[in-house]
Structures are given as C-alpha cells and as structure tokens.
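> Provided herewith is a single structure, encoded as structure tokens, for subsequent inquiry.
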Amino acid sequence: MGKKISVIIPCYCAAKWLGKCCASLADQTIGMKEMELIFVDDASDDGGETWNTLLAFEKRYPDSVIVIKSPVNKRQGGARNLAMPYASGEYLSFLDADDWLEPFAYEKLYAYAKRTDAEIVQFEQYRYFGEHDLRPYTENEEETLVEIHTVEERARFLTSFVMTTGFSNKFYKRDFIIASKAQFAEHVFYEEPMFTYPLMFEVERFATLKQKLYYYRCNTSGTMMHEMNQMNTLTDHIGVQTRLFEKMSGSHYYLDYKDEIELYFIHAFLYETLMFMKSRNFPGAYPIFQRLGKMIREHYPKLWENKYLQAMGCEKQRGLLELAMKNAGEEEFSSFYERLS
C-alpha cells in the first residue's frame with residue numbers, strides 16, 4: 001500500500017536548520033510509515049554538511065526518506081520540480097528546510113482533505129521572527145469548501161482572492177498536480193505564482209482550514225526572508241509576473257477569464273511590486289514605477305479597460321494604473337506612494 005503523503009523539502013546550505021525541520025517531520029502523529037519525505041540538496045556548497053545531514057536522516061528512516069542531489073543550483077522552485085516526479089503519495093505537501101510543522105499537521109490535513117474531497121486545502125501559518133516573537137498569519141476568514149463547476153463560479157472564485165498564491169500553506173491531491181502539469185519557476189527567488197496561480201483555473205473543490213499548522217521562519221537569518229530582503233529579488237518578482245501573464249494570456253483560459261487574469265496582473269505586477277519595495281524601505285520607487293509604467297503602456301495598453309477596476313476594493317490598483325498610463329511625474333507619484341498600504 002502506498003504512502004498517504006509525499007513531502008518535498010528543498011535544501012541549500014541548510015544544515016543548521018534541518019534538525020528542527022526533520023524533528024517536526026519525525027514527530028508527526030500520522031506516523032513516518034505514512035509519509036514519503038523527499039529532500040533535494042540543491043548543490044549546497046557547505047563542504048557536504050547539508051548532504052551528510054540528509055544521508056543520516058535517510059539512514060534513520062530508509063523506508064520513508066528519499067535524498068536527491070542536484071548537480072546544479074536551481075533555486076527552490078527548480079529543486080521542487082526535480083523532486084515531484086519521485087513523489088508517489090496520495091497527497092503532496094511542500095516544506096522549506098528552515099521551517100517546521102505542528103506535530104498533528106499532516107494527520108489533521110489528511111483527514112480534512114479526505115472528508116472534503118478537496119483537490120487543494122489551504123491552511124494557516126505562524127510567522128516566526130524569533131523565540132519570543134511568533135505572529136499568527138491568518139488568510140482564511142472562515143472554514144469553507146468552494147465547489148467550482150461553471151465559468152461564472154470560477155470568475156467569482158478568481159476575484160474573491162480566497163486562494164492565495166502562496167504554496168507552502170496548501171495541501172494538494174498529487175493526481176491533481178500531475179494532471180495540471182504544474183511547475184515552479186526555476187533559477188529565481190519568486191517562484192511560487194507560476195505554480196499556484198494556474199491551479200486556480202483547474203481546481204474544482206477548494207477547502208480552507210482555519211488552523212495554524214506551519215511555522216514560517218521570518219527572521220533575517222532564514223533562507224526565505226534573507227532573499228526577500230535583497231533588492232535583486234524585485235527583478236525576479238517583475239520577471240515572473242510578466243512571464244505568468246504571458247503564459248495565461250496565451251492560454252485557452254483567457255477566452256473566458258480575460259478580465260480576471262488582467263486584474264491579477266495589475267495587482268501583482270504593479271501594486272505588489274511597489275508594496276514589496278515600500279514594506280522593505282527600498283529606495284528608488286519612482287524609477288521602478290517608470291519602468292513598470294513603460295512596459296504597461298507599450299505592451300498592455302488595454303488594461304485600463306478592465307471591467308473590475310471600477311469596483312469597490314480596487315481603488316489602489318486603479319490609482320496606480322491611472323498614474324502609469326499617463327506617465328505621472330515624480331511628485332504626483334510620490335504623493336500617492338506615501339499613502340499606499
């Protein structure tokens with residue numbers, strides 16, 4: 001009989017974090033015999049420390065642990081793509097090497113996924129900033145099951161933003177992921193929207209679980225947050241969102257969901273990019289805004305016609321797009337940017 005859950009864990013120079021990560025997996029109440037843990041050493045250059053740590057864990061649980069060594073560094077997205085063909089569990093989960101789980105996480109998720117028959121279950125997380133700084137991160141307003149069967153139902157689902165583009169706060173039916181051919185962006189930091197956003201057009205049963213099961217390390221020594229505080233990740237964000245929009249606008253989904261796809265692009269490409277800068281106190285917001293505006297005017301001039309822009313809740317996106325379309329000066333942009341939240 002196969003495993004219930006496959007868990008994919010990319011690792012790059014992660015030896016200092018793996019003890020806590022692996023312990024949280026070994027302590028899962030569902031039992032190690034029900035899990036398939038797939039670790040990918042993403043070409044770590046720490047003298048074999050990460051690789052040897054993984055081999056020791058594999059030796060301890062040979063029937064539950066698979067260790068893969070990537071010859072080249074593909075970043076976290078590429079490492080996950082490398083691992084997915086090895087997965088054989090009924091369900092699929094992703095865990096970063098510097099994060100960890102509640103002991104009952106997979107027992108709870110498996111039971112809830114089976115009960116709802118959901119292809120994706122979205123749960124909640126804690127944000128860990130230090131031993132005495134643990135912050136709840138709530139994205140699910142309520143515990144619910146969304147069933148999607150018609151174009152109208154999917155349009156409402158897409159514009160409700162109930163499903164986020166985060167990947168680690170989700171539990172997936174593996175057969176659903178295989179059928180969707182979902183893949184992460186590789187060789188970039190901001191890899192997850194290329195994986196999760198297209199799934200919104202495939203999922204028919206989406207459930208939310210209002211329970212915090214995952215500890216996401218946010219202190220600056222953690223891999224993810226260290227990368228997020230680097231200015232060059234902004235380029236990755238812009239590039240991935242552009243590639244994602246090109247992919248979706250060239251797909252058959254664009255025929256039925258043109259306005260929904262464009263609304264997401266306006267939000268992610270323009271609003272999220274500038275909020276990314278503002279929340280990290282990055283300098284040079286106006287030159288970035290000029291760059292984004294130039295791309296929009298030259299390549300996507302009809303975005304302004306989007307039917308959702310006049311809706312309540314889209315004021316910030318509409319305001320930024322209006323400034324971009326008219327190539328606003330620095331003073332007008334700065335006045336708007338200061339109020340942006």
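By convention here, the chains of the structure tokens are called A, B, ... in the order presented, each chain's residues are numbered starting at 1, and ligands are numbered starting at 1 in the order presented.
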Would you list, as a VMD selection string, the residues of range 92-238 of chain A that end up in helix (DSSP H, G or I) under DSSP run on this structure's backbone?

chain A and resid 105 to 116 151 to 160 174 to 180 193 to 199 223 to 228 232 to 238

> Go through range 113-166 of chain A and flag each residue having an atom no more than 12 Å from range 186-199 of chain A; for those, report the closest pair of atoms plus their distance in Å to one decimal, using only C-alpha atoms, ordered by chain and rising number, as a tab-separated table.


residue	atom	partner	partner_atom	distance
A:Glu119	CA	A:Leu199	CA	9.9
A:Ile120	CA	A:Leu199	CA	9.1
A:Gln122	CA	A:Thr196	CA	11.6
A:Arg154	CA	A:Leu199	CA	11.6
A:Phe157	CA	A:Leu199	CA	11.9
A:Leu158	CA	A:Tyr197	CA	9.6
A:Phe161	CA	A:Tyr197	CA	10.7
A:Met163	CA	A:Tyr197	CA	8.9
A:Thr164	CA	A:Thr196	CA	8.0
A:Thr165	CA	A:Thr196	CA	5.4
A:Gly166	CA	A:Glu192	CA	6.4

> Using only C-alpha atoms for the distances, tell me which of A:Thr150, A:Asn327, A:Thr273, A:Thr233 is nearest to Glu202 in chain A.

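Looking only at the distances to Glu202 in chain A, the closest residue turns out to be A:Thr150.
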
> Which residues, written as an MDAnalysis selection string, have at least one atom at most 10 Å from range 330-340 of chain A, with only C-alpha atoms counted and residues fewer than 5 positions away on the same chain left out?

chainID A and resid 271 274:275 278 285:287 289:290 316 319:320 323:324

> Which residues, written as a PyMOL selection string, have at least one atom at most 12 Å from Thr235 in chain A, with only C-alpha atoms counted and residues fewer than 2 positions away on the same chain left out?

chain A and resi 188-190+228+230-233+237-242+269+273-274+276-277+288+291-292

> Please produce a file of the residues just selected, as a PDB file, in the first residue's frame, where the atoms kept are N, CA and C atoms.


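The resulting file, out.pdb, is reproduced below:
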ATOM      1  N   VAL A 188      15.066  31.430  -9.961  1.00  0.00           N
ATOM      2  CA  VAL A 188      14.633  32.734  -9.454  1.00  0.00           C
ATOM      3  C   VAL A 188      14.181  32.552  -8.017  1.00  0.00           C
ATOM      4  N   PHE A 189      14.081  33.671  -7.309  1.00  0.00           N
ATOM      5  CA  PHE A 189      13.573  33.597  -5.941  1.00  0.00           C
ATOM      6  C   PHE A 189      12.054  33.497  -5.921  1.00  0.00           C
ATOM      7  N   TYR A 190      11.389  34.354  -6.682  1.00  0.00           N
ATOM      8  CA  TYR A 190       9.926  34.476  -6.572  1.00  0.00           C
ATOM      9  C   TYR A 190       9.270  33.443  -7.472  1.00  0.00           C
ATOM     10  N   MET A 228      14.185  37.630   0.520  1.00  0.00           N
ATOM     11  CA  MET A 228      13.150  38.630   0.308  1.00  0.00           C
ATOM     12  C   MET A 228      13.640  40.032   0.619  1.00  0.00           C
ATOM     13  N   GLN A 230      16.560  41.181  -0.247  1.00  0.00           N
ATOM     14  CA  GLN A 230      17.557  41.547  -1.233  1.00  0.00           C
ATOM     15  C   GLN A 230      16.881  42.280  -2.378  1.00  0.00           C
ATOM     16  N   MET A 231      17.482  43.396  -2.802  1.00  0.00           N
ATOM     17  CA  MET A 231      16.885  44.214  -3.845  1.00  0.00           C
ATOM     18  C   MET A 231      16.737  43.447  -5.158  1.00  0.00           C
ATOM     19  N   ASN A 232      17.658  42.524  -5.442  1.00  0.00           N
ATOM     20  CA  ASN A 232      17.587  41.843  -6.739  1.00  0.00           C
ATOM     21  C   ASN A 232      16.392  40.898  -6.843  1.00  0.00           C
ATOM     22  N   THR A 233      15.766  40.568  -5.710  1.00  0.00           N
ATOM     23  CA  THR A 233      14.568  39.729  -5.797  1.00  0.00           C
ATOM     24  C   THR A 233      13.410  40.496  -6.432  1.00  0.00           C
ATOM     25  N   HIS A 237      10.635  39.158  -9.126  1.00  0.00           N
ATOM     26  CA  HIS A 237       9.189  39.337  -8.995  1.00  0.00           C
ATOM     27  C   HIS A 237       8.583  39.895 -10.281  1.00  0.00           C
ATOM     28  N   ILE A 238       9.191  40.933 -10.811  1.00  0.00           N
ATOM     29  CA  ILE A 238       8.689  41.554 -12.041  1.00  0.00           C
ATOM     30  C   ILE A 238       8.753  40.568 -13.198  1.00  0.00           C
ATOM     31  N   GLY A 239       9.876  39.852 -13.295  1.00  0.00           N
ATOM     32  CA  GLY A 239      10.051  38.907 -14.391  1.00  0.00           C
ATOM     33  C   GLY A 239       9.075  37.749 -14.338  1.00  0.00           C
ATOM     34  N   VAL A 240       8.866  37.192 -13.152  1.00  0.00           N
ATOM     35  CA  VAL A 240       7.955  36.057 -13.017  1.00  0.00           C
ATOM     36  C   VAL A 240       6.521  36.480 -13.310  1.00  0.00           C
ATOM     37  N   GLN A 241       6.111  37.632 -12.808  1.00  0.00           N
ATOM     38  CA  GLN A 241       4.737  38.080 -13.068  1.00  0.00           C
ATOM     39  C   GLN A 241       4.514  38.362 -14.554  1.00  0.00           C
ATOM     40  N   THR A 242       5.535  38.881 -15.220  1.00  0.00           N
ATOM     41  CA  THR A 242       5.417  39.111 -16.666  1.00  0.00           C
ATOM     42  C   THR A 242       5.291  37.794 -17.417  1.00  0.00           C
ATOM     43  N   PHE A 269       1.710  42.738 -10.663  1.00  0.00           N
ATOM     44  CA  PHE A 269       2.803  43.391 -11.385  1.00  0.00           C
ATOM     45  C   PHE A 269       3.039  44.810 -10.889  1.00  0.00           C
ATOM     46  N   THR A 273       4.482  44.884  -6.556  1.00  0.00           N
ATOM     47  CA  THR A 273       5.881  45.281  -6.733  1.00  0.00           C
ATOM     48  C   THR A 273       6.202  46.510  -5.890  1.00  0.00           C
ATOM     49  N   LEU A 274       5.342  47.500  -5.947  1.00  0.00           N
ATOM     50  CA  LEU A 274       5.593  48.733  -5.201  1.00  0.00           C
ATOM     51  C   LEU A 274       5.411  48.527  -3.700  1.00  0.00           C
ATOM     52  N   PHE A 276       6.051  45.702  -2.224  1.00  0.00           N
ATOM     53  CA  PHE A 276       7.265  44.957  -1.891  1.00  0.00           C
ATOM     54  C   PHE A 276       8.381  45.934  -1.528  1.00  0.00           C
ATOM     55  N   MET A 277       8.527  46.983  -2.329  1.00  0.00           N
ATOM     56  CA  MET A 277       9.560  47.989  -2.076  1.00  0.00           C
ATOM     57  C   MET A 277       9.266  48.776  -0.802  1.00  0.00           C
ATOM     58  N   ILE A 288      11.485  52.568 -10.557  1.00  0.00           N
ATOM     59  CA  ILE A 288      10.824  51.275 -10.786  1.00  0.00           C
ATOM     60  C   ILE A 288       9.427  51.490 -11.346  1.00  0.00           C
ATOM     61  N   ARG A 291       9.628  52.272 -14.933  1.00  0.00           N
ATOM     62  CA  ARG A 291       9.911  51.054 -15.708  1.00  0.00           C
ATOM     63  C   ARG A 291       8.640  50.234 -15.915  1.00  0.00           C
ATOM     64  N   LEU A 292       7.868  50.051 -14.846  1.00  0.00           N
ATOM     65  CA  LEU A 292       6.630  49.280 -14.943  1.00  0.00           C
ATOM     66  C   LEU A 292       5.626  49.991 -15.850  1.00  0.00           C
TER      67      LEU A 292
END

> Skip range 16-33 of chain A itself and residues of its chain fewer than 5 positions away, then list as a PyMOL selection string all residues within 9 Å of it, counting only C-alpha atoms.

chain A and resi 3-4+11+50+53-54+57+61+63-64+95-108+110+222

> With N, CA, C and O atoms kept, could you save the residues just selected as an mmCIF file, in the first residue's frame?


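Result went into part00.cif, see below:
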data_model
loop_
_atom_site.group_PDB
_atom_site.id
_atom_site.type_symbol
_atom_site.label_atom_id
_atom_site.label_comp_id
_atom_site.auth_asym_id
_atom_site.auth_seq_id
_atom_site.Cartn_x
_atom_site.Cartn_y
_atom_site.Cartn_z
ATOM 1 N N LYS A 3 2.116 5.370 0.226
ATOM 2 C CA LYS A 3 2.143 6.368 1.291
ATOM 3 C C LYS A 3 0.958 7.321 1.155
ATOM 4 O O LYS A 3 0.471 7.586 0.055
ATOM 5 N N LYS A 4 0.540 7.863 2.260
ATOM 6 C CA LYS A 4 -0.552 8.831 2.238
ATOM 7 C C LYS A 4 -0.076 10.206 1.760
ATOM 8 O O LYS A 4 -0.803 10.901 1.049
ATOM 9 N N CYS A 11 16.737 21.938 -0.104
ATOM 10 C CA CYS A 11 17.750 22.309 0.895
ATOM 11 C C CYS A 11 18.957 22.937 0.200
ATOM 12 O O CYS A 11 19.535 22.331 -0.706
ATOM 13 N N THR A 50 25.274 19.793 4.518
ATOM 14 C CA THR A 50 23.844 19.551 4.259
ATOM 15 C C THR A 50 23.613 18.132 3.762
ATOM 16 O O THR A 50 22.724 17.411 4.241
ATOM 17 N N THR A 53 23.988 15.535 6.506
ATOM 18 C CA THR A 53 22.850 15.600 7.425
ATOM 19 C C THR A 53 21.650 14.858 6.847
ATOM 20 O O THR A 53 20.957 14.108 7.550
ATOM 21 N N LEU A 54 21.424 15.044 5.557
ATOM 22 C CA LEU A 54 20.315 14.360 4.891
ATOM 23 C C LEU A 54 20.533 12.846 4.831
ATOM 24 O O LEU A 54 19.602 12.064 5.040
ATOM 25 N N PHE A 57 19.680 11.259 8.098
ATOM 26 C CA PHE A 57 18.233 11.150 8.317
ATOM 27 C C PHE A 57 17.654 10.021 7.464
ATOM 28 O O PHE A 57 16.784 9.273 7.911
ATOM 29 N N TYR A 61 15.583 6.561 8.658
ATOM 30 C CA TYR A 61 14.244 6.196 8.183
ATOM 31 C C TYR A 61 14.322 5.790 6.707
ATOM 32 O O TYR A 61 13.795 6.478 5.828
ATOM 33 N N ASP A 63 12.839 3.679 4.865
ATOM 34 C CA ASP A 63 11.595 3.379 4.154
ATOM 35 C C ASP A 63 10.731 4.620 3.920
ATOM 36 O O ASP A 63 9.698 4.534 3.246
ATOM 37 N N SER A 64 11.171 5.748 4.458
ATOM 38 C CA SER A 64 10.342 6.957 4.361
ATOM 39 C C SER A 64 11.072 8.159 3.779
ATOM 40 O O SER A 64 10.436 9.176 3.484
ATOM 41 N N LEU A 95 7.572 21.783 2.170
ATOM 42 C CA LEU A 95 8.109 22.331 3.413
ATOM 43 C C LEU A 95 9.497 22.869 3.123
ATOM 44 O O LEU A 95 10.306 22.191 2.491
ATOM 45 N N ASP A 96 9.777 24.097 3.539
ATOM 46 C CA ASP A 96 11.129 24.626 3.374
ATOM 47 C C ASP A 96 12.022 24.153 4.519
ATOM 48 O O ASP A 96 11.553 23.929 5.634
ATOM 49 N N ALA A 97 13.304 24.017 4.242
ATOM 50 C CA ALA A 97 14.230 23.396 5.187
ATOM 51 C C ALA A 97 14.407 24.191 6.474
ATOM 52 O O ALA A 97 14.852 23.644 7.483
ATOM 53 N N ASP A 98 14.091 25.484 6.453
ATOM 54 C CA ASP A 98 14.231 26.281 7.675
ATOM 55 C C ASP A 98 12.891 26.496 8.384
ATOM 56 O O ASP A 98 12.797 27.283 9.318
ATOM 57 N N ASP A 99 11.865 25.778 7.954
ATOM 58 C CA ASP A 99 10.552 25.864 8.583
ATOM 59 C C ASP A 99 10.214 24.547 9.293
ATOM 60 O O ASP A 99 10.946 23.561 9.173
ATOM 61 N N TRP A 100 9.077 24.522 9.997
ATOM 62 C CA TRP A 100 8.677 23.297 10.680
ATOM 63 C C TRP A 100 7.162 23.294 10.871
ATOM 64 O O TRP A 100 6.481 24.286 10.569
ATOM 65 N N LEU A 101 6.647 22.170 11.347
ATOM 66 C CA LEU A 101 5.206 21.937 11.418
ATOM 67 C C LEU A 101 4.735 21.603 12.828
ATOM 68 O O LEU A 101 5.520 21.131 13.653
ATOM 69 N N GLU A 102 3.445 21.822 13.063
ATOM 70 C CA GLU A 102 2.819 21.293 14.272
ATOM 71 C C GLU A 102 2.847 19.765 14.191
ATOM 72 O O GLU A 102 2.713 19.191 13.099
ATOM 73 N N PRO A 103 2.999 19.053 15.312
ATOM 74 C CA PRO A 103 3.081 17.584 15.274
ATOM 75 C C PRO A 103 1.865 16.902 14.641
ATOM 76 O O PRO A 103 1.994 15.848 14.033
ATOM 77 N N PHE A 104 0.696 17.528 14.762
ATOM 78 C CA PHE A 104 -0.536 16.914 14.248
ATOM 79 C C PHE A 104 -0.909 17.434 12.858
ATOM 80 O O PHE A 104 -1.998 17.142 12.352
ATOM 81 N N ALA A 105 -0.004 18.192 12.216
ATOM 82 C CA ALA A 105 -0.351 18.876 10.971
ATOM 83 C C ALA A 105 -0.845 17.914 9.895
ATOM 84 O O ALA A 105 -1.936 18.088 9.329
ATOM 85 N N TYR A 106 -0.071 16.892 9.577
ATOM 86 C CA TYR A 106 -0.437 16.025 8.464
ATOM 87 C C TYR A 106 -1.598 15.089 8.791
ATOM 88 O O TYR A 106 -2.387 14.739 7.912
ATOM 89 N N GLU A 107 -1.732 14.707 10.045
ATOM 90 C CA GLU A 107 -2.894 13.903 10.429
ATOM 91 C C GLU A 107 -4.167 14.719 10.231
ATOM 92 O O GLU A 107 -5.171 14.227 9.686
ATOM 93 N N LYS A 108 -4.119 15.995 10.650
ATOM 94 C CA LYS A 108 -5.268 16.892 10.514
ATOM 95 C C LYS A 108 -5.566 17.169 9.041
ATOM 96 O O LYS A 108 -6.723 17.092 8.598
ATOM 97 N N TYR A 110 -4.691 15.477 6.298
ATOM 98 C CA TYR A 110 -5.117 14.294 5.553
ATOM 99 C C TYR A 110 -6.594 13.992 5.833
ATOM 100 O O TYR A 110 -7.375 13.744 4.890
ATOM 101 N N GLY A 222 16.908 33.433 8.230
ATOM 102 C CA GLY A 222 16.233 32.375 7.481
ATOM 103 C C GLY A 222 16.422 32.551 5.992
ATOM 104 O O GLY A 222 16.541 33.661 5.488
#

> Could you please determine the separation between CA of Met35 in chain A and CA of Ser6 in chain A in Å, to one decimal place?

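For CA of Met35 in chain A relative to CA of Ser6 in chain A, the distance reads 5.8 Å.
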
> Have a look at A:Tyr12, A:Phe39, A:Tyr300, A:Tyr126 and name the one nearest to Arg75 in chain A; count only C-alpha atoms.

A:Tyr12

> Quick check, in Å to one decimal: how far apart do CA of Lys210 in chain A and CA of Asp133 in chain A lie?

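The value is 21.1 Å.
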
> Mind pulling up the distance from CA of Leu92 in chain A to CA of Phe129 in chain A?

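Interatomic distance, CA of Phe129 in chain A to CA of Leu92 in chain A: 26.9 Å.
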
> Do you know which residues are at most 10 Å from Ala113 in chain A counting only C-alpha atoms, after dropping those on the same chain fewer than 5 positions away, and could you put them as a short mmCIF file (atom, residue, chain, number, x, y, z; two decimals) with N, CA and C atoms, in the first residue's frame?


data_model
loop_
_atom_site.label_atom_id
_atom_site.label_comp_id
_atom_site.auth_asym_id
_atom_site.auth_seq_id
_atom_site.Cartn_x
_atom_site.Cartn_y
_atom_site.Cartn_z
N TYR A 91 -1.31 12.42 -1.37
CA TYR A 91 -1.32 13.88 -1.27
C TYR A 91 0.11 14.41 -1.29
N LYS A 108 -4.12 16.00 10.65
CA LYS A 108 -5.27 16.89 10.51
C LYS A 108 -5.57 17.17 9.04
N ALA A 118 -11.33 17.63 -1.24
CA ALA A 118 -10.78 18.82 -1.90
C ALA A 118 -9.48 18.49 -2.62
N GLU A 119 -9.29 19.10 -3.77
CA GLU A 119 -8.03 18.96 -4.50
C GLU A 119 -6.93 19.81 -3.88
N ILE A 120 -7.35 20.93 -3.27
CA ILE A 120 -6.42 21.80 -2.54
C ILE A 120 -7.05 22.18 -1.21
N VAL A 121 -6.29 22.02 -0.14
CA VAL A 121 -6.69 22.52 1.18
C VAL A 121 -5.72 23.62 1.56
N GLN A 122 -6.24 24.79 1.85
CA GLN A 122 -5.41 25.92 2.27
C GLN A 122 -5.56 26.11 3.78
N PHE A 171 -2.20 21.97 0.82
CA PHE A 171 -2.10 20.51 0.83
C PHE A 171 -2.83 20.05 -0.43
N TYR A 172 -2.13 19.29 -1.30
CA TYR A 172 -2.63 19.04 -2.65
C TYR A 172 -2.86 17.55 -2.91
N LYS A 173 -3.91 17.24 -3.66
CA LYS A 173 -4.03 15.90 -4.21
C LYS A 173 -2.94 15.75 -5.27
N PHE A 206 -12.08 23.34 -3.55
CA PHE A 206 -11.06 24.07 -2.79
C PHE A 206 -11.56 24.29 -1.38
N ALA A 207 -10.79 23.85 -0.39
CA ALA A 207 -11.22 23.95 1.00
C ALA A 207 -10.24 24.80 1.80
N THR A 208 -10.75 25.52 2.77
CA THR A 208 -9.90 26.27 3.69
C THR A 208 -10.05 25.68 5.09
N LEU A 209 -8.95 25.61 5.79
CA LEU A 209 -8.90 25.09 7.15
C LEU A 209 -8.39 26.19 8.06
#

> If you run DSSP over the backbone, which residues in range 47-228 of chain A end up strand (DSSP E)? Put them as a PyMOL selection string.

chain A and resi 65-70+91-94+100-101+120-130+133-137+144-147+170-173+205-217
